[in-house]
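**Student:** The file below is input_2.cif, mmCIF, C-alpha atoms and all ligand atoms:
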```cif
data_input
#
loop_
_atom_site.group_PDB
_atom_site.id
_atom_site.type_symbol
_atom_site.label_atom_id
_atom_site.label_comp_id
_atom_site.auth_asym_id
_atom_site.auth_seq_id
_atom_site.Cartn_x
_atom_site.Cartn_y
_atom_site.Cartn_z
ATOM 1 C CA MET P 120 75.347 5.058 34.862
ATOM 2 C CA GLY P 121 74.805 6.920 31.594
ATOM 3 C CA ASP P 122 71.205 7.088 30.450
ATOM 4 C CA PRO P 123 70.391 6.558 26.783
ATOM 5 C CA PRO P 124 69.039 9.702 25.163
ATOM 6 C CA GLY P 125 65.318 10.333 25.492
ATOM 7 C CA GLU P 126 64.607 9.797 21.801
ATOM 8 C CA GLN P 127 66.128 6.325 22.019
ATOM 9 C CA ILE P 128 63.796 5.335 24.862
ATOM 10 C CA ALA P 129 60.800 6.804 23.044
ATOM 11 C CA ALA P 130 61.746 4.916 19.844
ATOM 12 C CA ARG P 131 62.142 1.660 21.786
ATOM 13 C CA LEU P 132 58.641 1.994 23.211
ATOM 14 C CA GLU P 133 57.019 3.254 20.021
ATOM 15 C CA GLY P 134 53.518 1.864 19.544
ATOM 16 C CA LEU P 135 53.378 0.031 22.922
ATOM 17 C CA PRO P 136 50.526 0.705 25.342
ATOM 18 C CA LEU P 137 52.071 2.744 28.149
ATOM 19 C CA PRO P 138 50.774 3.088 31.693
ATOM 20 C CA ARG P 139 49.080 6.364 32.581
ATOM 21 C CA HIS P 140 50.404 6.186 36.135
ATOM 22 C CA VAL P 141 53.551 4.478 37.452
ATOM 23 C CA ALA P 142 54.224 3.994 41.186
ATOM 24 C CA ILE P 143 57.703 3.117 42.439
ATOM 25 C CA VAL P 144 59.114 1.809 45.727
ATOM 26 C CA MET P 145 62.680 3.084 45.461
ATOM 27 C CA ASP P 146 64.438 0.449 47.544
ATOM 28 C CA GLY P 147 68.037 -0.699 47.930
ATOM 29 C CA ASN P 148 69.969 2.511 48.641
ATOM 30 C CA GLY P 149 71.485 1.127 51.835
ATOM 31 C CA ARG P 150 72.646 -2.110 50.194
ATOM 32 C CA TRP P 151 74.096 -0.181 47.269
ATOM 33 C CA ALA P 152 76.171 1.910 49.702
ATOM 34 C CA GLN P 153 77.270 -1.177 51.605
ATOM 35 C CA ARG P 154 78.466 -2.815 48.390
ATOM 36 C CA HIS P 155 80.520 0.261 47.637
ATOM 37 C CA GLY P 156 81.974 0.320 51.157
ATOM 38 C CA GLU P 157 80.205 3.582 51.918
ATOM 39 C CA PRO P 158 77.819 4.727 54.679
ATOM 40 C CA ARG P 159 74.072 4.359 54.027
ATOM 41 C CA HIS P 160 73.576 8.067 53.412
ATOM 42 C CA ALA P 161 75.842 7.824 50.349
ATOM 43 C CA GLY P 162 73.276 5.401 48.902
ATOM 44 C CA HIS P 163 70.454 7.860 49.508
ATOM 45 C CA ARG P 164 72.435 10.614 47.767
ATOM 46 C CA ALA P 165 73.160 8.321 44.812
ATOM 47 C CA GLY P 166 69.446 7.499 44.647
ATOM 48 C CA VAL P 167 68.601 11.118 43.832
ATOM 49 C CA ARG P 168 70.249 10.709 40.415
ATOM 50 C CA SER P 169 67.901 7.837 39.614
ATOM 51 C CA ILE P 170 64.927 9.985 40.578
ATOM 52 C CA ARG P 171 66.061 12.641 38.119
ATOM 53 C CA SER P 172 66.434 10.101 35.269
ATOM 54 C CA VAL P 173 63.069 8.489 35.870
ATOM 55 C CA VAL P 174 61.193 11.791 36.196
ATOM 56 C CA GLU P 175 62.758 13.035 32.959
ATOM 57 C CA ALA P 176 61.963 9.813 31.104
ATOM 58 C CA CYS P 177 58.328 9.872 32.265
ATOM 59 C CA GLY P 178 58.046 13.479 31.076
ATOM 60 C CA ARG P 179 59.406 12.605 27.630
ATOM 61 C CA LEU P 180 57.115 9.612 27.330
ATOM 62 C CA GLY P 181 54.093 11.686 28.263
ATOM 63 C CA ILE P 182 53.285 9.574 31.323
ATOM 64 C CA GLU P 183 50.553 11.323 33.264
ATOM 65 C CA GLY P 184 51.458 10.352 36.819
ATOM 66 C CA LEU P 185 54.524 9.129 38.700
ATOM 67 C CA THR P 186 54.290 8.362 42.409
ATOM 68 C CA LEU P 187 57.560 7.801 44.250
ATOM 69 C CA PHE P 188 57.793 6.362 47.770
ATOM 70 C CA ALA P 189 60.312 8.686 49.399
ATOM 71 C CA PHE P 190 59.772 8.063 53.129
ATOM 72 C CA SER P 191 57.323 5.687 54.768
ATOM 73 C CA SER P 192 55.455 6.191 58.019
ATOM 74 C CA GLU P 193 57.522 3.238 59.274
ATOM 75 C CA ASN P 194 60.897 4.723 58.263
ATOM 76 C CA TRP P 195 60.983 6.691 61.547
ATOM 77 C CA ARG P 196 62.153 3.385 63.044
ATOM 78 C CA ARG P 197 65.577 3.953 61.470
ATOM 79 C CA PRO P 198 68.521 5.393 63.410
ATOM 80 C CA ARG P 199 68.005 9.076 64.125
ATOM 81 C CA GLY P 200 71.035 10.095 62.052
ATOM 82 C CA GLU P 201 69.712 8.344 58.956
ATOM 83 C CA VAL P 202 66.256 9.929 59.348
ATOM 84 C CA ARG P 203 67.952 13.321 59.652
ATOM 85 C CA VAL P 204 69.952 12.738 56.443
ATOM 86 C CA LEU P 205 66.830 11.611 54.557
ATOM 87 C CA MET P 206 64.842 14.684 55.628
ATOM 88 C CA GLU P 207 67.740 16.996 54.857
ATOM 89 C CA LEU P 208 68.262 15.397 51.461
ATOM 90 C CA PHE P 209 64.560 15.728 50.706
ATOM 91 C CA ARG P 210 64.627 19.457 51.505
ATOM 92 C CA THR P 211 67.858 20.268 49.644
ATOM 93 C CA THR P 212 66.866 18.218 46.585
ATOM 94 C CA LEU P 213 63.499 19.936 46.432
ATOM 95 C CA ASP P 214 65.160 23.357 46.713
ATOM 96 C CA ARG P 215 67.696 22.521 44.022
ATOM 97 C CA GLU P 216 65.384 20.809 41.528
ATOM 98 C CA LEU P 217 62.171 22.795 41.897
ATOM 99 C CA GLU P 218 62.903 25.365 39.203
ATOM 100 C CA ALA P 219 63.926 22.740 36.618
ATOM 101 C CA LEU P 220 60.872 20.605 37.428
ATOM 102 C CA HIS P 221 58.645 23.648 37.064
ATOM 103 C CA SER P 222 60.150 24.669 33.728
ATOM 104 C CA ASN P 223 59.704 21.077 32.483
ATOM 105 C CA GLY P 224 55.989 21.339 33.226
ATOM 106 C CA VAL P 225 55.994 18.909 36.168
ATOM 107 C CA ARG P 226 53.098 19.265 38.606
ATOM 108 C CA LEU P 227 54.282 18.391 42.102
ATOM 109 C CA ARG P 228 52.103 16.851 44.789
ATOM 110 C CA PHE P 229 52.898 15.402 48.188
ATOM 111 C CA SER P 230 51.016 12.675 49.940
ATOM 112 C CA GLY P 231 51.558 11.603 53.493
ATOM 113 C CA ASP P 232 51.062 12.960 56.989
ATOM 114 C CA ARG P 233 52.551 16.431 56.715
ATOM 115 C CA SER P 234 51.887 17.223 60.356
ATOM 116 C CA GLY P 235 54.767 14.885 61.254
ATOM 117 C CA LEU P 236 57.255 16.887 59.161
ATOM 118 C CA ALA P 237 59.258 19.939 60.246
ATOM 119 C CA PRO P 238 57.186 23.142 59.820
ATOM 120 C CA ALA P 239 59.800 24.649 57.448
ATOM 121 C CA LEU P 240 59.561 21.577 55.204
ATOM 122 C CA GLN P 241 55.753 21.652 55.298
ATOM 123 C CA ALA P 242 55.858 25.254 54.094
ATOM 124 C CA ARG P 243 58.167 24.329 51.215
ATOM 125 C CA LEU P 244 55.902 21.492 50.124
ATOM 126 C CA THR P 245 52.882 23.771 50.059
ATOM 127 C CA GLU P 246 54.845 26.386 48.111
ATOM 128 C CA ALA P 247 56.096 23.821 45.550
ATOM 129 C CA GLU P 248 52.534 22.555 45.007
ATOM 130 C CA ARG P 249 51.239 26.099 44.590
ATOM 131 C CA LEU P 250 54.002 27.043 42.137
ATOM 132 C CA THR P 251 53.462 24.007 39.883
ATOM 133 C CA ALA P 252 49.684 23.591 40.269
ATOM 134 C CA ALA P 253 48.815 24.759 36.749
ATOM 135 C CA ASN P 254 51.501 22.687 34.982
ATOM 136 C CA THR P 255 50.255 20.151 32.468
ATOM 137 C CA GLY P 256 53.207 17.710 32.260
ATOM 138 C CA THR P 257 53.724 14.662 34.480
ATOM 139 C CA THR P 258 52.180 14.843 37.948
ATOM 140 C CA LEU P 259 54.967 13.814 40.309
ATOM 141 C CA VAL P 260 53.635 12.628 43.658
ATOM 142 C CA LEU P 261 56.236 12.334 46.399
ATOM 143 C CA ALA P 262 54.933 10.047 49.129
ATOM 144 C CA THR P 263 56.597 11.335 52.275
ATOM 145 C CA ASN P 264 55.745 10.230 55.804
ATOM 146 C CA TYR P 265 53.243 8.144 53.869
ATOM 147 C CA GLY P 266 51.511 4.909 54.801
ATOM 148 C CA GLY P 267 48.695 3.231 52.871
ATOM 149 C CA ARG P 268 46.772 2.460 56.051
ATOM 150 C CA TRP P 269 47.221 6.023 57.267
ATOM 151 C CA GLU P 270 45.796 7.295 53.962
ATOM 152 C CA ILE P 271 42.720 5.038 54.164
ATOM 153 C CA ALA P 272 42.135 6.005 57.815
ATOM 154 C CA GLU P 273 42.482 9.668 56.833
ATOM 155 C CA ALA P 274 39.886 9.195 54.065
ATOM 156 C CA ALA P 275 37.548 7.539 56.606
ATOM 157 C CA ARG P 276 37.981 10.525 58.941
ATOM 158 C CA ARG P 277 37.139 12.967 56.118
ATOM 159 C CA LEU P 278 34.007 11.065 55.150
ATOM 160 C CA ALA P 279 32.949 10.676 58.791
ATOM 161 C CA ARG P 280 33.313 14.421 59.347
ATOM 162 C CA ALA P 281 31.224 15.149 56.243
ATOM 163 C CA ALA P 282 28.580 12.681 57.442
ATOM 164 C CA ALA P 283 28.552 14.229 60.920
ATOM 165 C CA ARG P 284 27.939 17.636 59.299
ATOM 166 C CA GLY P 285 25.044 16.124 57.375
ATOM 167 C CA GLU P 286 26.721 16.692 53.981
ATOM 168 C CA ILE P 287 26.724 13.037 52.967
ATOM 169 C CA ASP P 288 24.565 10.034 53.771
ATOM 170 C CA PRO P 289 26.669 7.234 55.368
ATOM 171 C CA GLU P 290 24.580 4.636 53.506
ATOM 172 C CA ALA P 291 25.528 6.239 50.197
ATOM 173 C CA ILE P 292 29.309 5.970 50.718
ATOM 174 C CA ASP P 293 30.670 3.949 47.809
ATOM 175 C CA GLU P 294 34.115 3.129 46.391
ATOM 176 C CA GLY P 295 34.132 6.326 44.341
ATOM 177 C CA GLN P 296 33.633 8.463 47.436
ATOM 178 C CA VAL P 297 36.387 6.653 49.328
ATOM 179 C CA ALA P 298 38.735 7.080 46.346
ATOM 180 C CA GLY P 299 37.764 10.756 46.175
ATOM 181 C CA ALA P 300 38.760 11.237 49.827
ATOM 182 C CA LEU P 301 42.310 9.897 49.289
ATOM 183 C CA SER P 302 45.353 12.200 49.115
ATOM 184 C CA VAL P 303 45.636 12.660 45.333
ATOM 185 C CA PRO P 304 42.123 11.941 44.015
ATOM 186 C CA ASP P 305 42.682 13.409 40.558
ATOM 187 C CA LEU P 306 45.132 10.752 39.268
ATOM 188 C CA PRO P 307 43.978 7.364 37.945
ATOM 189 C CA ASP P 308 45.098 4.331 39.981
ATOM 190 C CA PRO P 309 48.636 3.217 39.079
ATOM 191 C CA ASP P 310 48.742 0.850 36.095
ATOM 192 C CA LEU P 311 52.273 -0.252 36.902
ATOM 193 C CA PHE P 312 54.012 -0.722 40.275
ATOM 194 C CA ILE P 313 57.786 -1.102 40.293
ATOM 195 C CA ARG P 314 59.877 -2.119 43.296
ATOM 196 C CA THR P 315 63.650 -2.123 43.063
ATOM 197 C CA GLY P 316 66.008 -3.828 45.513
ATOM 198 C CA GLY P 317 64.669 -7.374 45.264
ATOM 199 C CA GLU P 318 62.070 -7.428 48.075
ATOM 200 C CA GLN P 319 58.650 -8.553 46.929
ATOM 201 C CA ARG P 320 56.300 -6.673 49.204
ATOM 202 C CA LEU P 321 54.241 -3.479 49.248
ATOM 203 C CA SER P 322 55.560 -2.098 52.563
ATOM 204 C CA ASN P 323 52.298 -0.189 53.157
ATOM 205 C CA PHE P 324 52.389 1.700 49.836
ATOM 206 C CA LEU P 325 49.124 2.751 48.085
ATOM 207 C CA LEU P 326 47.075 -0.129 49.499
ATOM 208 C CA TRP P 327 43.770 1.085 48.069
ATOM 209 C CA GLN P 328 45.064 2.213 44.674
ATOM 210 C CA LEU P 329 47.062 -0.947 43.841
ATOM 211 C CA ALA P 330 43.984 -3.225 43.702
ATOM 212 C CA TYR P 331 44.436 -3.980 39.963
ATOM 213 C CA THR P 332 47.931 -2.666 39.331
ATOM 214 C CA GLU P 333 50.484 -4.786 37.434
ATOM 215 C CA LEU P 334 53.442 -5.565 39.736
ATOM 216 C CA TYR P 335 57.064 -5.524 38.539
ATOM 217 C CA PHE P 336 59.929 -6.476 40.850
ATOM 218 C CA THR P 337 63.598 -6.106 40.004
ATOM 219 C CA GLU P 338 66.804 -7.018 41.845
ATOM 220 C CA THR P 339 68.409 -3.782 40.620
ATOM 221 C CA LEU P 340 69.193 -1.473 43.540
ATOM 222 C CA TRP P 341 67.579 1.964 43.255
ATOM 223 C CA PRO P 342 70.828 3.945 42.652
ATOM 224 C CA GLU P 343 71.406 1.753 39.581
ATOM 225 C CA PHE P 344 67.915 2.085 38.186
ATOM 226 C CA GLY P 345 67.554 4.502 35.270
ATOM 227 C CA ALA P 346 65.629 5.289 32.097
ATOM 228 C CA ASP P 347 66.901 2.120 30.431
ATOM 229 C CA GLU P 348 65.483 -0.233 33.037
ATOM 230 C CA LEU P 349 62.327 1.854 33.236
ATOM 231 C CA ALA P 350 61.907 1.104 29.519
ATOM 232 C CA THR P 351 62.390 -2.629 30.263
ATOM 233 C CA ALA P 352 59.640 -2.449 32.904
ATOM 234 C CA LEU P 353 57.365 -0.607 30.474
ATOM 235 C CA GLU P 354 57.957 -3.296 27.823
ATOM 236 C CA ALA P 355 57.060 -5.985 30.369
ATOM 237 C CA PHE P 356 53.913 -4.018 31.226
ATOM 238 C CA ALA P 357 52.927 -3.874 27.559
ATOM 239 C CA ARG P 358 52.965 -7.694 27.438
ATOM 240 C CA ARG P 359 50.612 -8.128 30.400
ATOM 241 C CA ASP P 360 47.020 -9.177 29.833
ATOM 242 C CA ARG P 361 44.924 -7.115 32.243
ATOM 243 C CA ARG P 362 41.705 -8.953 32.951
ATOM 244 C CA TYR P 363 40.142 -7.098 35.928
ATOM 245 C CA GLY P 364 38.270 -10.277 36.824
ATOM 246 C CA GLY P 365 37.026 -10.692 33.257
ATOM 247 C CA VAL P 366 38.263 -13.132 30.640
ATOM 248 C CA GLY P 367 41.142 -11.323 28.923
ATOM 249 C CA ARG P 368 41.962 -10.404 25.345
ATOM 250 C CA GLU P 369 42.299 -13.880 23.797
ATOM 251 C CA ALA P 370 39.490 -15.602 25.688
ATOM 252 C CA TRP P 371 37.275 -12.634 24.839
ATOM 253 C CA GLY P 372 37.756 -13.313 21.138
ATOM 254 C CA GLN P 373 36.977 -17.035 21.676
ATOM 255 C CA THR P 374 33.748 -16.379 23.551
ATOM 256 C CA ARG P 375 32.617 -13.931 20.926
ATOM 257 C CA HIS P 376 33.146 -16.418 18.134
ATOM 258 C CA ALA P 377 31.845 -19.428 20.054
HETATM 259 C C1 LIG N 1 65.222 2.955 50.211
HETATM 260 O O1 LIG N 1 66.444 2.354 50.422
HETATM 261 C C2 LIG N 1 65.194 4.385 50.682
HETATM 262 C C3 LIG N 1 64.265 4.650 51.773
HETATM 263 C C4 LIG N 1 63.581 3.777 52.441
HETATM 264 C C5 LIG N 1 64.107 6.044 52.151
HETATM 265 P P1 LIG N 1 66.790 1.625 51.783
HETATM 266 O O2 LIG N 1 67.445 2.618 52.692
HETATM 267 O O3 LIG N 1 65.606 0.961 52.349
HETATM 268 O O4 LIG N 1 67.850 0.580 51.282
HETATM 269 P P2 LIG N 1 68.048 -0.911 51.807
HETATM 270 O O5 LIG N 1 66.735 -1.605 51.660
HETATM 271 O O6 LIG N 1 68.469 -0.803 53.237
HETATM 272 O O7 LIG N 1 69.100 -1.457 50.919
HETATM 273 C C1 LIG N 2 59.902 1.072 51.559
HETATM 274 O O1 LIG N 2 61.203 0.616 51.717
HETATM 275 C C2 LIG N 2 59.831 2.555 51.812
HETATM 276 C C3 LIG N 2 60.498 3.421 50.835
HETATM 277 C C4 LIG N 2 61.119 3.040 49.762
HETATM 278 C C5 LIG N 2 60.424 4.821 51.128
HETATM 279 P P1 LIG N 2 61.709 -0.004 53.102
HETATM 280 O O2 LIG N 2 63.123 -0.375 52.899
HETATM 281 O O3 LIG N 2 61.414 0.939 54.214
HETATM 282 O O4 LIG N 2 60.767 -1.274 53.256
HETATM 283 P P2 LIG N 2 60.959 -2.602 54.124
HETATM 284 O O5 LIG N 2 61.337 -2.154 55.510
HETATM 285 O O6 LIG N 2 62.042 -3.400 53.490
HETATM 286 O O7 LIG N 2 59.634 -3.279 54.048
HETATM 287 MG MG MG N 3 64.864 -0.934 52.118
#
```
Go ahead and render the structure in this file as structure tokens.
Ligand code: IPE
Ligand code: IPE
Ligand code: MG

**Tutor:**
Amino acid sequence: MGDPPGEQIAARLEGLPLPRHVAIVMDGNGRWAQRHGEPRHAGHRAGVRSIRSVVEACGRLGIEGLTLFAFSSENWRRPRGEVRVLMELFRTTLDRELEALHSNGVRLRFSGDRSGLAPALQARLTEAERLTAANTGTTLVLATNYGGRWEIAEAARRLARAAARGEIDPEAIDEGQVAGALSVPDLPDPDLFIRTGGEQRLSNFLLWQLAYTELYFTETLWPEFGADELATALEAFARRDRRYGGVGREAWGQTRHA
């Protein structure tokens, strides 16, 4: 699928309030492959193209953070061959794209339980984070061997250790400290969550951070998602009235003038 040029997307979104942080569950690779009469791994390979388009579009639009769900802590339940392909694809894509990402100013981060990944892959992740640490473009977080409950439990362990060392007072633990103990504490919570592939569930993604995120679901399968549909999601986001438990834009005006 050809993507419209970057300027076209930027012009289409001109003047709209954009999210600072977008989080995406990239789902539907297997079904895409099935529809094309191909094995599931062909869908995962096709999905890499969509990742490239979306990362580029976010960079052009000046979006601060993009978190992509690449492999969940539950995805180990898949057939061994598929897990192997996914891990291999992750490593080769990272190797191939790292230089271009770096020269485009992307700051790479990984969240998830690294100890469950192959040592050679762990080393590459650390190296990619080190290389791009000072970049000031989009922060691209790849959630790999990631689970929202794992991340919250991990934060609890960190805080408990600090309390046991006497560095913090357990009674003083507040939401800010929990948020600060999560994997990528320096990004704001996602403003917009997108899930492709038609399922309407979180599948254990960013459970803490999504508390007030706007949710956008699309039937489009991930290999067919690109900059154009990202722009559609961003337009939908711009129309949302975020109330955070308050009374919203219009009602706010009414109360003020009442
Ligand atoms: C998402 O596509 C990719 C990963 C989970 C890694 P799926 O492989 O889940 O595709 P469907 O849901 O089976 O179509
Ligand atoms: C969520 O998709 C995980 C990723 C996209 C990496 P799944 O396909 O694994 O989710 P379920 O099984 O449909 O909930
Ligand atoms: Mg799926």

**Student:** Pick from P:Ile182, P:Ala176, P:Ala130, P:Ile313: nearest to ligand LIG 2 (chain N), with all atoms listed in the file counted?

**Tutor:**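 Closest to ligand LIG 2 (chain N) of all the choices is P:Ile313.
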
**Student:** Excluding Phe336 (chain P) and its own-chain neighbours fewer than 3 positions away, which residues fall within 9 Å of it when counting all atoms listed in the file? Please give them as an MDAnalysis selection string.

**Tutor:** chainID P and resid 312:319 339 352

**Student:** Go through P:Gly162, P:Gly184, P:Gly367, P:Gly285 and flag the residue nearest Leu261 (chain P), using only C-alpha atoms for the distances.

**Tutor:** P:Gly184

**Student:** Kindly give the distance, in Å, that separates CA of Glu183 (chain P) and CA of Val225 (chain P), rounded to a single decimal.

**Tutor:**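 Computed distance, CA of Glu183 (chain P) to CA of Val225 (chain P), equals 9.8 Å.
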
**Student:** Report, as lines of an AutoDock Vina configuration file, the centre and edge lengths in Å (one decimal) of the axis-aligned box enclosing every listed atom of ligand LIG 2 (chain N), padded by 3 Å on each side.

**Tutor:**
```
center_x = 61.4
center_y = 0.7
center_z = 52.6
size_x = 9.5
size_y = 14.2
size_z = 11.7
```

**Student:** Take CA of Ala298 (chain P) and CA of Arg276 (chain P) and report the distance between them in Å, one decimal.

**Tutor:**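 Value for the CA of Ala298 (chain P)-CA of Arg276 (chain P) distance: 13.1 Å.
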
**Student:** Go through chain P and flag each residue having an atom no more than 9 Å from ligand LIG 2 (chain N); for those, report the closest pair of atoms plus their distance in Å to one decimal, using only C-alpha atoms and all ligand atoms, ordered by chain and rising number, as a tab-separated table.

**Tutor:**
```
residue	atom	partner	partner_atom	distance
P:Ile143	CA	N:LIG2	C4	8.1
P:Val144	CA	N:LIG2	C4	4.7
P:Met145	CA	N:LIG2	C4	4.6
P:Asp146	CA	N:LIG2	C4	4.8
P:Gly147	CA	N:LIG2	O2	7.0
P:Asn148	CA	N:LIG2	O2	8.6
P:Gly149	CA	N:LIG2	O2	8.6
P:Leu187	CA	N:LIG2	C5	8.0
P:Phe188	CA	N:LIG2	C5	4.5
P:Ala189	CA	N:LIG2	C5	4.2
P:Phe190	CA	N:LIG2	C5	3.9
P:Ser191	CA	N:LIG2	C5	4.9
P:Ser192	CA	N:LIG2	C2	8.4
P:Glu193	CA	N:LIG2	O3	6.8
P:Asn194	CA	N:LIG2	O3	5.6
P:Arg197	CA	N:LIG2	O3	8.9
P:Ala262	CA	N:LIG2	C5	7.8
P:Thr263	CA	N:LIG2	C5	7.6
P:Asn264	CA	N:LIG2	C5	8.5
P:Tyr265	CA	N:LIG2	C5	8.4
P:Arg314	CA	N:LIG2	C4	8.4
P:Thr315	CA	N:LIG2	C4	8.8
P:Gly316	CA	N:LIG2	O2	8.6
P:Glu318	CA	N:LIG2	O6	6.7
P:Gln319	CA	N:LIG2	O7	8.9
P:Arg320	CA	N:LIG2	O7	6.8
P:Leu321	CA	N:LIG2	O7	7.2
P:Ser322	CA	N:LIG2	O7	4.5
P:Asn323	CA	N:LIG2	C1	7.9
P:Phe324	CA	N:LIG2	C1	7.7
```

**Student:** Write to file, as a short mmCIF file (atom, residue, chain, number, x, y, z; two decimals), keeping the file's coordinate frame, the residues of the selection just made, with C-alpha atoms.

**Tutor:**
```cif
data_model
loop_
_atom_site.label_atom_id
_atom_site.label_comp_id
_atom_site.auth_asym_id
_atom_site.auth_seq_id
_atom_site.Cartn_x
_atom_site.Cartn_y
_atom_site.Cartn_z
CA ILE P 143 57.70 3.12 42.44
CA VAL P 144 59.11 1.81 45.73
CA MET P 145 62.68 3.08 45.46
CA ASP P 146 64.44 0.45 47.54
CA GLY P 147 68.04 -0.70 47.93
CA ASN P 148 69.97 2.51 48.64
CA GLY P 149 71.48 1.13 51.84
CA LEU P 187 57.56 7.80 44.25
CA PHE P 188 57.79 6.36 47.77
CA ALA P 189 60.31 8.69 49.40
CA PHE P 190 59.77 8.06 53.13
CA SER P 191 57.32 5.69 54.77
CA SER P 192 55.46 6.19 58.02
CA GLU P 193 57.52 3.24 59.27
CA ASN P 194 60.90 4.72 58.26
CA ARG P 197 65.58 3.95 61.47
CA ALA P 262 54.93 10.05 49.13
CA THR P 263 56.60 11.34 52.28
CA ASN P 264 55.74 10.23 55.80
CA TYR P 265 53.24 8.14 53.87
CA ARG P 314 59.88 -2.12 43.30
CA THR P 315 63.65 -2.12 43.06
CA GLY P 316 66.01 -3.83 45.51
CA GLU P 318 62.07 -7.43 48.08
CA GLN P 319 58.65 -8.55 46.93
CA ARG P 320 56.30 -6.67 49.20
CA LEU P 321 54.24 -3.48 49.25
CA SER P 322 55.56 -2.10 52.56
CA ASN P 323 52.30 -0.19 53.16
CA PHE P 324 52.39 1.70 49.84
#
```

**Student:** Quote the spacing between CA of Glu290 (chain P) and CA of Ala272 (chain P) in Å to one decimal place.

**Tutor:**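 Here the two named atoms are 18.1 Å from each other.
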
**Student:** Nearest residue to Arg164 (chain P) out of P:Tyr363, P:Trp327, P:Phe209, P:Trp195, using all atoms listed in the file?

**Tutor:**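 Ranking P:Tyr363, P:Trp327, P:Phe209, P:Trp195 by distance to Arg164 (chain P), first place goes to P:Phe209.
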
**Student:** Which residue gives the smallest distance to Arg268 (chain P) among P:Gly178, P:Gly231, P:Pro289, P:Gly364, with all atoms listed in the file counted?

**Tutor:** P:Gly231

**Student:** Point out the residue among P:Ala152, P:Ala242, P:Leu135, P:Val141 with the least atom-to-atom distance to ligand MG 3 (chain N), counting all atoms listed in the file.

**Tutor:** P:Ala152

**Student:** Name the residues that the PyMOL selection byres (((chain P and resi 346) around 12) and not hetatm) picks from the file above, as a VMD selection string, using the file's chain letters and numbers.

**Tutor:** chain P and resid 120 to 129 131 to 132 168 to 180 341 to 345 347 to 353

**Student:** Excluding Leu306 (chain P) and residues on its chain fewer than 4 positions from it, collect all residues at most 10 Å away from it, counting all atoms listed in the file, and give them as a list in words.

**Tutor:**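 That gives Arg139, His140, Glu183, Gly184, Leu185, Thr186, Thr258, Val260 and Ser302 of chain P.
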
**Student:** Spell out the residues picked by the PyMOL selection byres (((chain P and resi 329) around 10) and not hetatm) here, as a list of chain:residue names.

**Tutor:**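 Applying the expression gives P:Ala142, P:Asp308, P:Pro309, P:Asp310, P:Leu311, P:Phe312, P:Leu321, P:Phe324, P:Leu325, P:Leu326, P:Trp327, P:Gln328, P:Ala330, P:Tyr331, P:Thr332, P:Glu333, P:Leu334.
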
**Student:** With only C-alpha atoms and all ligand atoms as the atoms that count, which of P:Asp288, P:Ile271, P:Leu340, P:Thr211 lies nearest to ligand MG 3 (chain N)?

**Tutor:**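 Of P:Asp288, P:Ile271, P:Leu340, P:Thr211, the one nearest ligand MG 3 (chain N), counting only C-alpha atoms and all ligand atoms, is P:Leu340.
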
**Student:** Care to translate the PyMOL selection byres (((chain P and resi 251) around 9) and not hetatm) into actual residues of this file, as a PyMOL selection string?

**Tutor:** chain P and resi 220-221+224-228+246-250+252-255

**Student:** Restricting the output to C-alpha atoms, write the selected residues as a compact mmCIF listing (two decimals), in the coordinates of the input.

**Tutor:**
```
# COMPACT_ATOMS: atom_id res chain seq x y z
CA LEU P 220 60.87 20.60 37.43
CA HIS P 221 58.64 23.65 37.06
CA GLY P 224 55.99 21.34 33.23
CA VAL P 225 55.99 18.91 36.17
CA ARG P 226 53.10 19.26 38.61
CA LEU P 227 54.28 18.39 42.10
CA ARG P 228 52.10 16.85 44.79
CA GLU P 246 54.84 26.39 48.11
CA ALA P 247 56.10 23.82 45.55
CA GLU P 248 52.53 22.56 45.01
CA ARG P 249 51.24 26.10 44.59
CA LEU P 250 54.00 27.04 42.14
CA ALA P 252 49.68 23.59 40.27
CA ALA P 253 48.82 24.76 36.75
CA ASN P 254 51.50 22.69 34.98
CA THR P 255 50.26 20.15 32.47
```

**Student:** Put region 159-179 of chain P into a file with C-alpha atoms, as a PDB file, in the first residue's frame.

**Tutor:**
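Below you can see result_25.pdb, which holds the result:
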```
ATOM      1  CA  ARG P 159       1.472 -16.700   9.401  1.00  0.00           C
ATOM      2  CA  HIS P 160       5.102 -15.611   9.304  1.00  0.00           C
ATOM      3  CA  ALA P 161       4.451 -13.867   5.970  1.00  0.00           C
ATOM      4  CA  GLY P 162       1.963 -11.667   7.846  1.00  0.00           C
ATOM      5  CA  HIS P 163       4.560 -10.774  10.461  1.00  0.00           C
ATOM      6  CA  ARG P 164       7.041  -9.832   7.723  1.00  0.00           C
ATOM      7  CA  ALA P 165       4.413  -7.695   5.979  1.00  0.00           C
ATOM      8  CA  GLY P 166       3.692  -6.009   9.316  1.00  0.00           C
ATOM      9  CA  VAL P 167       7.222  -4.597   9.455  1.00  0.00           C
ATOM     10  CA  ARG P 168       6.387  -2.282   6.539  1.00  0.00           C
ATOM     11  CA  SER P 169       3.517  -0.795   8.529  1.00  0.00           C
ATOM     12  CA  ILE P 170       5.850  -0.184  11.458  1.00  0.00           C
ATOM     13  CA  ARG P 171       8.179   1.761   9.183  1.00  0.00           C
ATOM     14  CA  SER P 172       5.329   3.935   7.820  1.00  0.00           C
ATOM     15  CA  VAL P 173       3.898   4.714  11.230  1.00  0.00           C
ATOM     16  CA  VAL P 174       7.272   5.521  12.809  1.00  0.00           C
ATOM     17  CA  GLU P 175       8.101   7.855   9.920  1.00  0.00           C
ATOM     18  CA  ALA P 176       4.718   9.584  10.087  1.00  0.00           C
ATOM     19  CA  CYS P 177       5.017  10.123  13.853  1.00  0.00           C
ATOM     20  CA  GLY P 178       8.477  11.624  13.326  1.00  0.00           C
ATOM     21  CA  ARG P 179       7.185  14.050  10.692  1.00  0.00           C
TER      22      ARG P 179
END
```
